[in-house]
$ cat my_file28.csv   # CSV, C-alpha atoms and all ligand atoms
chain,number,residue,atom,x,y,z
R,342,MET,CA,200.1,84.2,27.1
R,343,ASP,CA,196.3,84.5,27.1
R,344,ALA,CA,195.0,87.9,28.2
R,345,LEU,CA,194.2,87.8,31.9
R,346,THR,CA,190.5,87.8,32.9
R,347,GLU,CA,189.5,91.0,34.6
R,348,ILE,CA,187.0,90.5,37.5
R,349,GLY,CA,185.1,93.6,38.7
R,350,VAL,CA,184.9,93.6,42.5
R,351,GLY,CA,182.0,95.1,44.4
R,352,MET,CA,182.8,95.3,48.1
R,353,LEU,CA,180.3,95.8,51.0
R,354,GLY,CA,182.0,97.3,54.0
R,355,TYR,CA,185.4,99.0,54.4
R,356,ALA,CA,186.5,98.4,58.0
R,357,PHE,CA,188.9,95.7,59.2
R,358,MET,CA,188.1,92.9,56.8
R,359,GLY,CA,187.5,95.3,53.9
R,360,LYS,CA,191.1,96.5,54.4
R,361,ALA,CA,192.5,93.0,54.6
R,362,HIS,CA,190.6,92.0,51.4
R,363,VAL,CA,191.6,95.2,49.5
R,364,ASN,CA,195.2,94.6,50.4
R,365,ALA,CA,194.9,91.2,48.8
R,366,TYR,CA,193.2,92.4,45.6
R,367,ARG,CA,196.0,95.0,45.2
R,368,THR,CA,198.9,92.7,46.1
R,369,LEU,CA,198.1,89.5,44.2
R,370,PRO,CA,198.4,90.9,40.6
R,371,TYR,CA,202.2,91.5,41.2
R,372,MET,CA,203.0,88.9,43.9
R,373,ILE,CA,201.1,85.8,42.5
R,374,GLN,CA,202.8,84.9,39.3
R,375,PRO,CA,201.0,84.4,37.0
R,376,PRO,CA,198.0,86.0,38.6
R,377,PRO,CA,194.9,83.9,38.2
R,378,ALA,CA,192.9,87.0,37.1
R,379,LEU,CA,193.1,90.8,37.4
R,380,PRO,CA,190.7,92.1,40.1
R,381,ARG,CA,189.3,95.5,39.2
R,382,LEU,CA,188.1,97.5,42.2
R,383,GLU,CA,184.8,98.6,40.7
R,384,ALA,CA,182.7,99.8,43.6
R,385,ILE,CA,182.5,99.9,47.4
R,386,ALA,CA,179.3,100.3,49.5
R,387,GLY,CA,178.8,101.6,53.0
R,388,ARG,CA,176.1,103.4,54.9
R,389,ASP,CA,178.1,106.6,55.7
R,390,ALA,CA,178.4,108.6,52.4
R,391,VAL,CA,181.4,110.6,53.5
R,392,ALA,CA,183.3,107.6,55.0
R,393,VAL,CA,182.6,105.3,52.0
R,394,ARG,CA,183.7,107.9,49.5
R,395,GLU,CA,186.9,108.4,51.6
R,396,ALA,CA,187.4,104.6,51.6
R,397,ALA,CA,186.9,104.4,47.8
R,398,GLU,CA,189.6,107.0,47.3
R,399,ARG,CA,191.9,105.4,49.8
R,400,TYR,CA,191.5,101.9,48.5
R,401,GLY,CA,191.2,102.8,44.8
R,402,PHE,CA,187.6,101.8,44.0
R,403,ARG,CA,186.1,103.5,40.9
R,404,LYS,CA,182.7,104.2,42.6
R,405,SER,CA,181.2,104.4,46.1
R,406,TYR,CA,177.6,103.6,47.0
R,407,THR,CA,175.6,104.1,50.1
R,408,ASP,CA,173.3,101.1,49.4
R,409,TRP,CA,174.5,97.5,48.8
R,410,ARG,CA,171.7,97.1,46.3
R,411,GLN,CA,173.6,99.4,43.9
R,412,LEU,CA,176.5,96.8,44.0
R,413,VAL,CA,174.1,94.1,43.1
R,414,ALA,CA,172.6,96.2,40.2
R,415,ASP,CA,176.0,97.2,38.8
R,416,PRO,CA,176.8,95.2,35.7
R,417,ALA,CA,180.5,95.9,36.1
R,418,VAL,CA,180.5,94.0,39.4
R,419,ALA,CA,181.2,90.3,38.8
R,420,LEU,CA,182.3,89.4,42.4
R,421,LEU,CA,180.4,90.6,45.4
R,422,ASP,CA,182.7,90.7,48.4
R,423,ASN,CA,180.7,90.9,51.6
R,424,GLY,CA,182.8,92.2,54.6
R,425,GLY,CA,179.8,93.6,56.4
R,426,PRO,CA,178.6,92.7,59.9
R,427,ASN,CA,177.0,89.3,60.2
R,428,ASP,CA,173.4,90.6,59.9
R,429,VAL,CA,174.3,92.1,56.5
R,430,HIS,CA,175.6,88.8,55.1
R,431,ALA,CA,172.4,87.1,53.9
R,432,ALA,CA,170.3,89.6,52.0
R,433,PRO,CA,173.2,91.0,49.9
R,434,CYS,CA,174.6,87.6,49.1
R,435,ILE,CA,171.2,86.1,48.2
R,436,ALA,CA,170.5,89.2,46.0
R,437,GLY,CA,174.0,89.0,44.5
R,438,ALA,CA,173.5,85.3,43.7
R,439,LYS,CA,170.2,86.0,42.0
R,440,ALA,CA,172.0,88.7,39.9
R,441,GLY,CA,174.7,86.1,38.9
R,442,LYS,CA,177.5,87.6,41.0
R,443,HIS,CA,180.2,85.3,42.3
R,444,LEU,CA,180.3,85.6,46.1
R,445,LEU,CA,183.0,86.0,48.8
R,446,CYS,CA,181.5,86.4,52.3
R,447,GLU,CA,183.3,87.0,55.5
R,448,LYS,CA,182.9,84.4,58.3
R,449,PRO,CA,180.7,83.4,59.9
R,450,LEU,CA,178.6,82.9,56.8
R,451,ALA,CA,175.5,83.7,58.8
R,452,ARG,CA,174.0,84.2,62.3
R,453,ASP,CA,172.7,80.6,62.5
R,454,GLY,CA,172.2,77.4,60.4
R,455,ALA,CA,168.8,78.4,59.0
R,456,GLU,CA,170.1,81.7,57.6
R,457,ALA,CA,173.2,80.0,56.3
R,458,LYS,CA,171.0,77.3,54.5
R,459,GLN,CA,169.2,80.1,52.6
R,460,MET,CA,172.5,81.6,51.5
R,461,LEU,CA,173.8,78.2,50.4
R,462,ALA,CA,170.6,77.4,48.5
R,463,ALA,CA,170.7,80.8,46.6
R,464,ALA,CA,174.3,80.4,45.7
R,465,SER,CA,173.8,76.8,44.5
R,466,ARG,CA,170.8,77.6,42.4
R,467,ALA,CA,172.6,80.5,40.8
R,468,HIS,CA,175.6,78.3,39.8
R,469,VAL,CA,178.0,81.0,40.9
R,470,LYS,CA,181.4,80.5,42.7
R,471,HIS,CA,181.0,81.0,46.4
R,472,MET,CA,183.6,81.2,49.2
R,473,VAL,CA,183.5,81.9,52.9
R,474,ALA,CA,186.6,83.7,54.1
R,475,PHE,CA,187.9,81.1,56.5
R,476,ASN,CA,191.4,82.5,55.8
R,477,TYR,CA,193.3,80.3,58.2
R,478,ARG,CA,193.0,77.4,55.6
R,479,PHE,CA,195.5,79.5,53.6
R,480,VAL,CA,198.3,79.8,56.2
R,481,PRO,CA,201.2,77.8,54.6
R,482,ALA,CA,201.7,75.8,57.8
R,483,VAL,CA,198.0,74.9,58.0
R,484,ARG,CA,198.0,73.8,54.3
R,485,GLN,CA,201.2,71.8,55.1
R,486,ALA,CA,199.4,70.2,58.0
R,487,TYR,CA,196.5,69.3,55.6
R,488,GLU,CA,198.8,67.7,53.2
R,489,LEU,CA,200.7,65.7,55.8
R,490,ILE,CA,197.4,64.3,57.2
R,491,ARG,CA,196.2,63.4,53.8
R,492,ALA,CA,199.5,61.7,53.0
R,493,GLY,CA,198.9,59.5,56.1
R,494,GLU,CA,202.0,60.9,57.9
R,495,LEU,CA,200.0,61.2,61.2
R,496,GLY,CA,198.4,57.7,60.9
R,497,GLU,CA,195.0,57.3,62.5
R,498,ILE,CA,193.7,60.6,64.0
R,499,ARG,CA,193.0,60.1,67.7
R,500,HIS,CA,192.6,63.8,69.0
R,501,PHE,CA,192.0,67.3,67.7
R,502,ARG,CA,192.1,70.1,70.2
R,503,ALA,CA,191.9,73.8,69.1
R,504,HIS,CA,191.6,77.1,70.8
R,505,TYR,CA,191.1,80.7,69.7
R,506,LEU,CA,191.9,83.2,72.5
R,507,GLN,CA,191.8,87.0,72.4
R,508,ASP,CA,191.5,89.7,75.1
R,509,TRP,CA,190.1,92.8,73.4
R,510,ILE,CA,186.9,93.0,75.3
R,511,THR,CA,188.3,92.2,78.8
R,512,ASP,CA,187.6,95.8,79.9
R,513,PRO,CA,184.0,95.9,81.1
R,514,GLU,CA,183.8,99.4,79.8
R,515,PHE,CA,184.5,98.3,76.2
R,516,PRO,CA,181.3,99.2,74.4
R,517,ARG,CA,178.7,96.7,73.1
R,518,VAL,CA,179.8,96.8,69.5
R,519,TRP,CA,178.0,94.7,66.9
R,520,ARG,CA,180.1,91.6,67.6
R,521,LEU,CA,178.6,91.7,71.1
R,522,ASP,CA,175.0,92.0,70.0
R,523,ARG,CA,173.0,88.8,69.2
R,524,LYS,CA,170.8,90.6,66.6
R,525,ALA,CA,173.8,91.7,64.6
R,526,ALA,CA,176.2,88.9,65.2
R,527,GLY,CA,174.2,85.8,66.0
R,528,SER,CA,176.5,84.8,68.8
R,529,GLY,CA,179.7,86.0,70.5
R,530,ALA,CA,183.1,84.3,70.7
R,531,LEU,CA,181.4,81.2,69.2
R,532,GLY,CA,180.5,82.6,65.8
R,533,ASP,CA,183.4,85.1,65.7
R,534,LEU,CA,186.3,82.9,66.7
R,535,GLY,CA,184.8,79.5,67.3
R,536,ALA,CA,183.7,79.3,63.6
R,537,HIS,CA,187.3,79.4,62.6
R,538,VAL,CA,188.3,76.4,64.8
R,539,VAL,CA,185.2,74.5,63.8
R,540,ASP,CA,186.1,75.0,60.1
R,541,LEU,CA,189.7,74.0,60.7
R,542,ALA,CA,188.5,70.8,62.5
R,543,ARG,CA,186.4,69.9,59.5
R,544,PHE,CA,189.1,70.9,57.0
R,545,LEU,CA,191.9,69.0,58.7
R,546,VAL,CA,190.3,66.0,60.4
R,547,GLY,CA,186.7,65.6,59.1
R,548,GLU,CA,183.1,66.0,60.1
R,549,LEU,CA,182.0,66.3,63.8
R,550,LYS,CA,179.6,63.7,65.1
R,551,SER,CA,178.6,65.3,68.4
R,552,VAL,CA,179.4,68.1,70.8
R,553,ALA,CA,179.0,68.6,74.6
R,554,ALA,CA,179.4,72.3,75.4
R,555,LEU,CA,179.4,75.1,77.9
R,556,THR,CA,179.0,78.8,77.2
R,557,ARG,CA,179.4,81.7,79.7
R,558,THR,CA,178.8,85.5,79.6
R,559,PHE,CA,181.0,87.0,82.3
R,560,ILE,CA,180.4,90.7,81.6
R,561,LYS,CA,176.6,90.9,81.5
R,562,GLU,CA,176.2,94.5,80.5
R,563,ARG,CA,178.3,97.1,78.6
R,564,PRO,CA,178.0,100.7,77.6
R,565,LEU,CA,176.4,101.3,74.2
R,566,PRO,CA,178.9,102.6,71.6
R,567,THR,CA,178.6,106.4,71.2
R,568,ALA,CA,180.9,106.7,68.1
R,569,SER,CA,179.9,105.0,64.9
R,570,LYS,CA,183.3,103.4,64.7
R,571,VAL,CA,184.8,102.1,67.9
R,572,PRO,CA,188.5,101.3,67.8
R,573,ARG,CA,189.6,98.2,69.7
R,574,GLY,CA,190.5,98.9,73.3
R,575,ALA,CA,188.5,102.1,73.1
R,576,ARG,CA,186.6,103.1,76.3
R,577,ALA,CA,183.0,104.3,75.9
R,578,ALA,CA,182.3,107.9,76.7
R,579,ALA,CA,181.6,108.1,80.4
R,580,GLY,CA,178.0,108.2,81.5
R,581,GLY,CA,176.7,106.6,78.3
R,582,LYS,CA,173.7,104.3,78.2
R,583,ARG,CA,174.3,100.7,79.1
R,584,ALA,CA,172.7,97.5,77.7
R,585,PRO,CA,172.7,93.8,78.6
R,586,VAL,CA,175.1,91.6,76.6
R,587,ASP,CA,173.1,88.8,75.0
R,588,VAL,CA,175.9,86.7,73.5
R,589,ASP,CA,178.5,84.3,74.8
R,590,ASP,CA,181.9,85.6,76.1
R,591,THR,CA,183.3,82.1,75.8
R,592,PHE,CA,182.5,78.5,74.8
R,593,ALA,CA,184.2,75.2,75.4
R,594,ALA,CA,183.1,72.0,73.7
R,595,ALA,CA,184.1,68.3,74.0
R,596,ILE,CA,183.8,67.0,70.5
R,597,GLU,CA,183.5,63.5,68.8
R,598,LEU,CA,184.5,63.2,65.2
R,599,GLU,CA,182.8,60.9,62.7
R,600,GLY,CA,186.0,58.9,62.4
R,601,GLY,CA,186.0,58.2,66.2
R,602,ALA,CA,188.5,60.7,67.3
R,603,THR,CA,187.8,63.0,70.3
R,604,GLY,CA,188.9,66.5,71.1
R,605,THR,CA,188.1,69.9,72.4
R,606,LEU,CA,187.3,73.3,71.0
R,607,GLU,CA,187.4,76.6,72.9
R,608,ALA,CA,187.2,80.3,72.1
R,609,THR,CA,187.0,83.4,74.2
R,610,ARG,CA,187.7,87.1,73.9
R,611,LEU,CA,188.5,87.5,77.6
R,612,ALA,CA,191.8,85.6,77.8
R,613,LEU,CA,193.9,88.4,79.2
R,614,GLY,CA,197.3,88.5,77.4
R,615,ARG,CA,196.2,86.4,74.4
R,616,LYS,CA,196.0,88.7,71.4
R,617,ASN,CA,195.2,86.5,68.4
R,618,HIS,CA,196.2,83.1,69.9
R,619,MET,CA,194.6,80.5,67.7
R,620,GLY,CA,196.2,77.1,67.8
R,621,PHE,CA,195.6,73.4,67.3
R,622,GLU,CA,197.2,70.1,68.1
R,623,ILE,CA,196.5,66.9,66.3
R,624,ASN,CA,197.6,63.5,67.7
R,625,GLY,CA,197.7,60.6,65.4
R,626,SER,CA,198.9,57.0,65.8
R,627,ARG,CA,202.2,57.7,64.0
R,628,ALA,CA,202.8,61.4,64.7
R,629,SER,CA,201.5,64.6,66.2
R,630,LEU,CA,201.5,68.2,65.0
R,631,SER,CA,200.8,71.5,66.6
R,632,PHE,CA,200.3,75.1,65.3
R,633,ASP,CA,200.1,78.6,66.9
R,634,LEU,CA,198.8,81.5,64.8
R,635,GLU,CA,201.0,83.9,66.8
R,636,ARG,CA,204.0,81.9,65.3
R,637,LEU,CA,202.3,81.3,62.0
R,638,ASN,CA,205.4,80.4,60.0
R,639,GLU,CA,206.1,77.4,62.2
R,640,LEU,CA,204.7,73.9,62.3
R,641,ASN,CA,205.7,71.6,65.2
R,642,LEU,CA,205.9,67.9,64.5
R,643,TYR,CA,206.5,64.8,66.7
R,644,ARG,CA,207.1,61.5,64.9
R,645,GLY,CA,206.5,58.3,66.9
R,646,ASP,CA,209.3,56.4,65.0
R,647,GLY,CA,213.0,57.2,65.0
R,648,ARG,CA,215.8,56.4,67.5
R,649,PRO,CA,215.2,57.3,71.2
R,650,GLU,CA,218.2,59.6,71.1
R,651,THR,CA,216.8,61.7,68.3
R,652,LYS,CA,213.1,61.5,69.2
R,653,GLY,CA,211.4,64.8,70.1
R,654,TRP,CA,209.4,67.7,68.7
R,655,THR,CA,210.7,69.2,65.5
R,656,GLU,CA,210.0,72.9,64.7
R,657,VAL,CA,209.6,73.2,60.9
R,658,LEU,CA,210.0,76.7,59.6
R,659,VAL,CA,207.4,76.7,56.8
R,660,THR,CA,209.2,79.1,54.5
R,661,GLU,CA,210.9,76.9,51.9
R,662,PRO,CA,209.9,77.3,48.2
R,663,GLU,CA,208.5,73.8,48.3
R,664,HIS,CA,206.1,74.7,51.1
R,665,PRO,CA,202.5,75.8,50.2
R,666,PHE,CA,202.3,79.4,48.8
R,667,ILE,CA,205.8,80.4,49.7
R,668,LYS,CA,207.1,80.5,46.1
R,669,ASN,CA,205.0,83.6,45.7
R,670,TRP,CA,207.0,85.5,48.3
R,671,TRP,CA,210.6,85.5,49.6
R,672,PRO,CA,213.6,83.3,50.2
R,673,PRO,CA,213.6,80.8,53.1
R,674,GLY,CA,213.3,82.4,56.5
R,675,HIS,CA,211.9,85.6,55.2
R,676,VAL,CA,208.7,85.1,57.1
R,677,ILE,CA,205.2,86.1,56.0
R,678,GLY,CA,202.2,87.4,58.0
R,679,TRP,CA,198.5,87.3,58.7
R,680,GLU,CA,197.6,89.5,55.8
R,681,HIS,CA,199.2,87.0,53.3
R,682,THR,CA,196.5,84.4,54.1
R,683,PHE,CA,194.0,86.7,52.4
R,684,VAL,CA,196.2,87.0,49.3
R,685,HIS,CA,196.3,83.2,49.0
R,686,GLU,CA,192.6,82.9,49.7
R,687,ILE,CA,191.4,85.5,47.2
R,688,ALA,CA,193.8,84.3,44.5
R,689,HIS,CA,192.2,80.8,45.0
R,690,LEU,CA,188.7,82.3,44.5
R,691,LEU,CA,189.8,84.4,41.4
R,692,ASP,CA,191.3,81.2,39.9
R,693,ALA,CA,188.1,79.3,40.5
R,694,ILE,CA,186.1,82.1,38.8
R,695,ALA,CA,188.5,82.7,35.9
R,696,ASN,CA,189.2,79.1,35.1
R,697,ASP,CA,185.9,77.5,36.2
R,698,ARG,CA,187.6,75.5,38.9
R,699,ASP,CA,186.1,74.2,42.2
R,700,VAL,CA,186.6,76.4,45.4
R,701,ALA,CA,186.4,73.2,47.5
R,702,PRO,CA,188.0,71.3,49.1
R,703,LEU,CA,190.9,73.7,49.7
R,704,GLY,CA,188.8,76.8,50.0
R,705,ALA,CA,185.7,77.0,52.2
R,706,THR,CA,182.4,77.3,50.2
R,707,PHE,CA,179.0,78.3,51.4
R,708,GLU,CA,178.4,74.6,52.1
R,709,ASP,CA,181.3,74.8,54.6
R,710,GLY,CA,179.9,78.0,56.0
R,711,TYR,CA,176.6,76.2,56.5
R,712,ARG,CA,178.1,73.2,58.2
R,713,ALA,CA,180.1,75.4,60.5
R,714,ALA,CA,176.8,77.2,61.4
R,715,VAL,CA,175.0,74.0,62.1
R,716,ILE,CA,177.8,72.9,64.5
R,717,CYS,CA,177.7,76.3,66.2
R,718,ASP,CA,173.9,75.9,66.6
R,719,ALA,CA,174.6,72.4,68.1
R,720,ILE,CA,177.1,73.9,70.6
R,721,LEU,CA,174.6,76.5,71.7
R,722,GLU,CA,171.9,73.8,72.0
R,723,SER,CA,174.2,71.6,74.1
R,724,ALA,CA,175.1,74.5,76.4
R,725,ARG,CA,171.5,75.5,76.8
R,726,GLU,CA,170.2,72.0,77.5
R,727,GLY,CA,173.2,70.6,79.4
R,728,ARG,CA,173.6,67.5,77.3
R,729,ARG,CA,175.7,66.1,74.4
R,730,VAL,CA,174.1,67.0,71.0
R,731,GLU,CA,174.5,65.1,67.7
R,732,VAL,CA,175.5,67.3,64.9
R,733,GLY,CA,172.8,67.3,62.2
R,734,ARG,CA,173.8,66.4,58.6
G,1,LIG,C1,187.7,89.1,66.0
G,1,LIG,O1,188.3,90.2,66.6
G,1,LIG,C2,188.5,88.9,64.6
G,1,LIG,O2,188.5,90.1,63.9
G,1,LIG,C3,187.7,87.9,63.8
G,1,LIG,O3,186.4,88.4,63.5
G,1,LIG,C4,188.5,87.5,62.6
G,1,LIG,O4,187.8,86.5,61.9
G,1,LIG,C5,189.9,86.9,63.1
G,1,LIG,O5,190.6,86.5,62.0
G,1,LIG,C6,190.6,88.0,63.8
G,1,LIG,O6,189.8,88.4,65.0

$ encode --input "my_file28.csv" --output "structure tokens"
Amino acid sequence: MDALTEIGVGMLGYAFMGKAHVNAYRTLPYMIQPPPALPRLEAIAGRDAVAVREAAERYGFRKSYTDWRQLVADPAVALLDNGGPNDVHAAPCIAGAKAGKHLLCEKPLARDGAEAKQMLAAASRAHVKHMVAFNYRFVPAVRQAYELIRAGELGEIRHFRAHYLQDWITDPEFPRVWRLDRKAAGSGALGDLGAHVVDLARFLVGELKSVAALTRTFIKERPLPTASKVPRGARAAAGGKRAPVDVDDTFAAAIELEGGATGTLEATRLALGRKNHMGFEINGSRASLSFDLERLNELNLYRGDGRPETKGWTEVLVTEPEHPFIKNWWPPGHVIGWEHTFVHEIAHLLDAIANDRDVAPLGATFEDGYRAAVICDAILESAREGRRVEVGR
């Protein structure tokens, strides 16, 4: 067996997504057999020297930096993994591309289409592999849906409807963290959660032709965070300063697909009782399917043919060895979880790097990140102007 390629990883950020990515780098060498390459946790960068050194020790990185430029300058870093806030996606990825680093950037790629376009141009010019961490493409049930659609099992696609509902900022006293600050995030629920369902629409049923959208901000001011790291559900220290919220709490869009299908997209972080409730339903001329992230091992199918006495929705438990990704894990019925999607996603990127394979169409590239950003821009334009907006190509 050829010696496995080692790929030095330089990570920017060590919070929620950093943790999910590190778990994937450390798991895949022994769970994905054979592993596509061996990731080497070379360096991690973060602004707080003490916190990033602690993260380096906890996660197993060889070095810790307080400036992302040190990651870009480090010759031992071959893959720059950017899990920072949205306003720290462009500069490091563009510099990383110029330094010949392969790129993994958390979603959304950027705060708007113009910024995403600059990142795509830099990555394309540098001829490096580039991926946006739209990890839900790597849920076994979602990949199974992708394969069923491409095999024609659903027939002509008539409708795509998707939602992404959370409730972690329902408390008006939850502080205005970076995801609630336009300068840092670009938008609110739209870029954070809407980007996922926009990408899934493109991945599963093709390009969007137009959108007619609404956005709302229900909680118009919040306390500024007093601690540097604000755990979810935390309440700001009483009496702290307050600031206006300048991003959407929710969006809803009526969409038209290029193939003629219609549908709806919706996302909010104020849906009380919904924790990570992303789901979609696709109606075709021959069959329908539906998926719920909170039941991510299941895919529901309804076939139009068949005898009346047996017609009905079928709940497929997507844990057979023949199902996408499952052979890497456990016997049928031993369900997997949210974190496994990052193992599949990062293994796909490492394979593309080590064996010079394409990230697309199964993985999302910076081109996909750019197209999602353009669609999010169109949703904001439609909501602002109160009219249907064509999606630019
Ligand atoms: C928002 O809370 C969030 O962390 C998103 O940013 C992630 O992309 C999503 O997978 C989980 O929820």

$ residues_around --input "my_file28.csv" --residues "stretch 658-668 of chain R" --least-positions-apart "4" --cutoff "6 Å" --atoms "all atoms listed in the file" --output "PyMOL selection string"
chain R and resi 481-482+638-639+673-674

$ residues_near_ligand --input "my_file28.csv" --ligand "ligand LIG 1 (chain G)" --cutoff "9 Å" --atoms "all atoms listed in the file" --output "list in words"
Phe357, Met358, Glu447, Lys448, Pro449, Ala474, Phe475, Asn476, Tyr477, Gln507, Trp509, Arg520, Ala530, Gly532, Asp533, Leu534, Ala536, His537, Arg573, Arg610, Lys616, Asn617 and Trp679 of chain R

$ write_last_selection --input "my_file28.csv" --atoms "C-alpha atoms" --output "PDB file, in the frame of the given file"
ATOM      1  CA  PHE R 357     188.900  95.700  59.200  1.00  0.00           C
ATOM      2  CA  MET R 358     188.100  92.900  56.800  1.00  0.00           C
ATOM      3  CA  GLU R 447     183.300  87.000  55.500  1.00  0.00           C
ATOM      4  CA  LYS R 448     182.900  84.400  58.300  1.00  0.00           C
ATOM      5  CA  PRO R 449     180.700  83.400  59.900  1.00  0.00           C
ATOM      6  CA  ALA R 474     186.600  83.700  54.100  1.00  0.00           C
ATOM      7  CA  PHE R 475     187.900  81.100  56.500  1.00  0.00           C
ATOM      8  CA  ASN R 476     191.400  82.500  55.800  1.00  0.00           C
ATOM      9  CA  TYR R 477     193.300  80.300  58.200  1.00  0.00           C
ATOM     10  CA  GLN R 507     191.800  87.000  72.400  1.00  0.00           C
ATOM     11  CA  TRP R 509     190.100  92.800  73.400  1.00  0.00           C
ATOM     12  CA  ARG R 520     180.100  91.600  67.600  1.00  0.00           C
ATOM     13  CA  ALA R 530     183.100  84.300  70.700  1.00  0.00           C
ATOM     14  CA  GLY R 532     180.500  82.600  65.800  1.00  0.00           C
ATOM     15  CA  ASP R 533     183.400  85.100  65.700  1.00  0.00           C
ATOM     16  CA  LEU R 534     186.300  82.900  66.700  1.00  0.00           C
ATOM     17  CA  ALA R 536     183.700  79.300  63.600  1.00  0.00           C
ATOM     18  CA  HIS R 537     187.300  79.400  62.600  1.00  0.00           C
ATOM     19  CA  ARG R 573     189.600  98.200  69.700  1.00  0.00           C
ATOM     20  CA  ARG R 610     187.700  87.100  73.900  1.00  0.00           C
ATOM     21  CA  LYS R 616     196.000  88.700  71.400  1.00  0.00           C
ATOM     22  CA  ASN R 617     195.200  86.500  68.400  1.00  0.00           C
ATOM     23  CA  TRP R 679     198.500  87.300  58.700  1.00  0.00           C
TER      24      TRP R 679
END

$ residues_around --input "my_file28.csv" --residues "R:Glu722" --least-positions-apart "4" --cutoff "12 Å" --atoms "all atoms listed in the file" --output "ChimeraX atom specification"
/R:453,551-556,592,594,715-718,726-733

$ residues_around --input "my_file28.csv" --residues "stretch 682-699 of chain R" --least-positions-apart "2" --cutoff "10 Å" --atoms "only C-alpha atoms" --output "PyMOL selection string"
chain R and resi 345-348+358+361-370+372-373+376-380+419-420+443-445+469-481+665-667+669+677-680+701-706

$ atom_distance --input "my_file28.csv" --atom1 "atom CA of R:Ile498" --atom2 "atom CA of R:Ala593"
20.8 Å

$ closest_residue --input "my_file28.csv" --among "R:Val483, R:Leu521, R:Leu506, R:Ala467" --to "R:Thr558" --atoms "only C-alpha atoms"
R:Leu521

$ closest_residue --input "my_file28.csv" --among "R:Met352, R:Gly710, R:Leu630, R:Ala386" --to "R:Arg502" --atoms "all atoms listed in the file"
R:Leu630

$ atom_distance --input "my_file28.csv" --atom1 "atom CA of R:Glu548" --atom2 "atom CA of R:Glu622"
16.7 Å

$ closest_residue --input "my_file28.csv" --among "R:Asp389, R:Glu398, R:Glu383, R:Asp408" --to "R:Leu421" --atoms "all atoms listed in the file"
R:Glu383

$ closest_residue --input "my_file28.csv" --among "R:Ala457, R:Leu640, R:Leu545, R:Val538" --to "R:His618" --atoms "all atoms listed in the file"
R:Val538

$ atom_distance --input "my_file28.csv" --atom1 "atom CA of R:Tyr406" --atom2 "atom CA of R:His681"
28.0 Å

$ closest_residue --input "my_file28.csv" --among "R:Ala526, R:Asp508, R:Arg484, R:Arg517" --to "R:Leu637" --atoms "all atoms listed in the file"
R:Arg484

$ residues_around --input "my_file28.csv" --residues "R:Phe402" --least-positions-apart "4" --cutoff "9 Å" --atoms "all atoms listed in the file" --output "number ranges by chain"
R: 350-351, 381-385, 396-398

$ residues_around --input "my_file28.csv" --residues "stretch 626-629 of chain R" --least-positions-apart "6" --cutoff "8 Å" --atoms "only C-alpha atoms" --output "JSON, numbers by chain"
{"R": [494, 495, 496, 497, 498, 499, 642, 643, 644, 645, 646]}

$ write_last_selection --input "my_file28.csv" --atoms "C-alpha atoms" --output "mmCIF file, keeping the file's coordinate frame"
data_model
loop_
_atom_site.group_PDB
_atom_site.id
_atom_site.type_symbol
_atom_site.label_atom_id
_atom_site.label_comp_id
_atom_site.auth_asym_id
_atom_site.auth_seq_id
_atom_site.Cartn_x
_atom_site.Cartn_y
_atom_site.Cartn_z
ATOM 1 C CA GLU R 494 202.000 60.900 57.900
ATOM 2 C CA LEU R 495 200.000 61.200 61.200
ATOM 3 C CA GLY R 496 198.400 57.700 60.900
ATOM 4 C CA GLU R 497 195.000 57.300 62.500
ATOM 5 C CA ILE R 498 193.700 60.600 64.000
ATOM 6 C CA ARG R 499 193.000 60.100 67.700
ATOM 7 C CA LEU R 642 205.900 67.900 64.500
ATOM 8 C CA TYR R 643 206.500 64.800 66.700
ATOM 9 C CA ARG R 644 207.100 61.500 64.900
ATOM 10 C CA GLY R 645 206.500 58.300 66.900
ATOM 11 C CA ASP R 646 209.300 56.400 65.000
#

$ closest_residue --input "my_file28.csv" --among "R:Ala390, R:Ala525, R:Ala432, R:Leu531" --to "R:Ala713" --atoms "all atoms listed in the file"
R:Leu531

$ residues_near_point --input "my_file28.csv" --point "(185.2, 64.0, 67.8)" --cutoff "10 Å" --atoms "only C-alpha atoms" --output "ChimeraX atom specification"
/R:498-502,542,546-552,595-605
